[in-house]
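One structure is given below, encoded as structure tokens.
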Amino acid sequence: MGRQYDQLSLDERCEIARLQASGASIRQIAAALDRSPSSVSRELKRNTGQGARAEAYKPSYAQAQTAARRWSGCRLERDGQLREQVLSGLGRGWSPEQVCGRLKLEEGRTVIGCETIYRFIYAQMKRTNDGAWRLYLPRAKFRRGRRARKSASPVSFIQQRIPLSQRPGEALDRIQPGHWEADFMLFSAYGQSLLVLHERSSRLTALIKTRNRKAGPTAAALAGLLDPLPQSFRRSLTFDNGTEFAQHYRIGLRTYFCDPHAPWQKGGVENAIGRIRRFLPRKTDLASVSPDVIHSASPRPTITPPDNAWTSTPQPRSSPGCCTSNGNLPPGIRRDERSEGDVVGPPAASRPELLGPRICALRAPCGMTTFGMGGQG
């Protein structure tokens, strides 16, 4: 068997600097480290220079130089074709997870990970000092990370609260229709919000423009939307622990609540709100936006397909041009498609005002208009 060579560690480089400063020879340093004299000689020559340009050996500088020599650049910097494919998908408004799933479907293997895409985007922001790179990402954040966790929870103010752990298992696997999730989508102007209702199986999503977030009007609005639907499409409703849902028992179906500080447990509506937020940013003034604009901005089934449409199944679950299959729709609901606009190239294409929307409206028998939009959770 051949010999195995290891890179010098930072501790060994510190020992080299100490012994050299004390006047030890190269062979004495090599014997102390149990290394070859040629390795020590090469390390000193590489990181101190020769002749008039020679400097004192610095372990930290030598360690940094070693890392720099071994780094060959991000994969998306080395592979121009892959970079174009990734940026093209991001420019259409897809998330890094959706881009990875699409490439995996086309190639039949894992091509790149979503973490690699995230790191590439944020590295470009630092290297170029250009914040526009963040526009490639769905949320367009300047920094990665989560918000600080709050210490208090209003769980004690919610009567007849049933934890999410008691929700039927059929709701988790999305097989049985009729399991809904609800949450509020807030905006920067005081009092402006949208109540978002999301069905886990068909991915139907309803948007309701509300005057306030009081518990009484919220329960009445949810009951007004759900009561006209068939009983098989009204099985359960899941919330977070906001006090705006404190009168959940007035809605007329079984309700469940996420654990404290765990809104991600109702991932369907959270994902739907995140996708709608691309086209209705937080700074949007709802007072100057008509209901038609809100409805037309909400769904992007062609531009932003469901994350799991390209990752969990060999073929996309949705048919071309819409977000849900006819088999998942409740009785009496029909699909209406409108024209599709052109998609502007990246990175500006991830901004709502530059996208030509494709609207896939689903009209229920009761006259309310909901919008089908895939989500994951």
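Identifiers for the structure tokens are assigned positionally: chains receive A, B, ... in sequence, residues are indexed from 1 per chain, and ligands are indexed from 1 in the order shown.
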Practice task
Determine, counting only C-alpha atoms, which protein, DNA and RNA residues have an atom within 12 Å of an atom of segment 124-128 of chain A; residues of the same chain fewer than 5 positions away are not included. Present the result as a PyMOL selection string.
Solution key: chain A and resi 73-74+76-77+117-119+133-136+140-143
Practice task
Using DSSP on the backbone coordinates, identify the residues of segment 46-281 of chain A assigned to alpha helix (DSSP H); present them as a PyMOL selection string.
Solution key: chain A and resi 46-48+59-70+75-78+80-91+96-107+114-128+215-226+267-277
Skipping near chain neighbours, those fewer than 2 positions away, what residues fall within 8 Å of segment 262-269 of chain A using only C-alpha atoms, listed as a JSON list (two decimals) with C-alpha atoms, in the first residue's frame?
[["chain", "number", "residue", "atom", "x", "y", "z"],
["A", 181, "GLU", "CA", -55.71, 25.56, 6.74],
["A", 182, "ALA", "CA", -56.21, 29.28, 7.38],
["A", 183, "ASP", "CA", -54.02, 32.23, 8.25],
["A", 196, "VAL", "CA", -56.12, 33.04, 3.25],
["A", 197, "LEU", "CA", -57.90, 29.69, 3.22],
["A", 198, "HIS", "CA", -56.06, 26.70, 1.75],
["A", 199, "GLU", "CA", -57.29, 23.14, 1.08],
["A", 200, "ARG", "CA", -54.56, 20.55, 1.48],
["A", 203, "ARG", "CA", -54.56, 23.09, -3.16],
["A", 238, "THR", "CA", -56.20, 24.15, 11.09],
["A", 239, "PHE", "CA", -54.92, 27.45, 12.55],
["A", 240, "ASP", "CA", -51.94, 28.83, 14.37],
["A", 258, "CYS", "CA", -50.51, 24.14, 15.75],
["A", 259, "ASP", "CA", -48.10, 23.82, 18.64],
["A", 260, "PRO", "CA", -46.89, 27.13, 20.13],
["A", 271, "ASN", "CA", -46.34, 28.07, 1.45],
["A", 272, "ALA", "CA", -49.33, 29.55, -0.37],
["A", 273, "ILE", "CA", -48.90, 32.90, 1.41],
["A", 375, "GLY", "CA", -48.15, 24.29, -2.11],
["A", 376, "GLN", "CA", -46.08, 22.06, 0.09],
["A", 377, "GLY", "CA", -46.47, 21.39, 3.76]]
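Distance check against Arg174 of chain A using only C-alpha atoms: of A:Gln192, A:Pro291, A:Ser202, A:Phe157, the minimum falls on A:Ser202.
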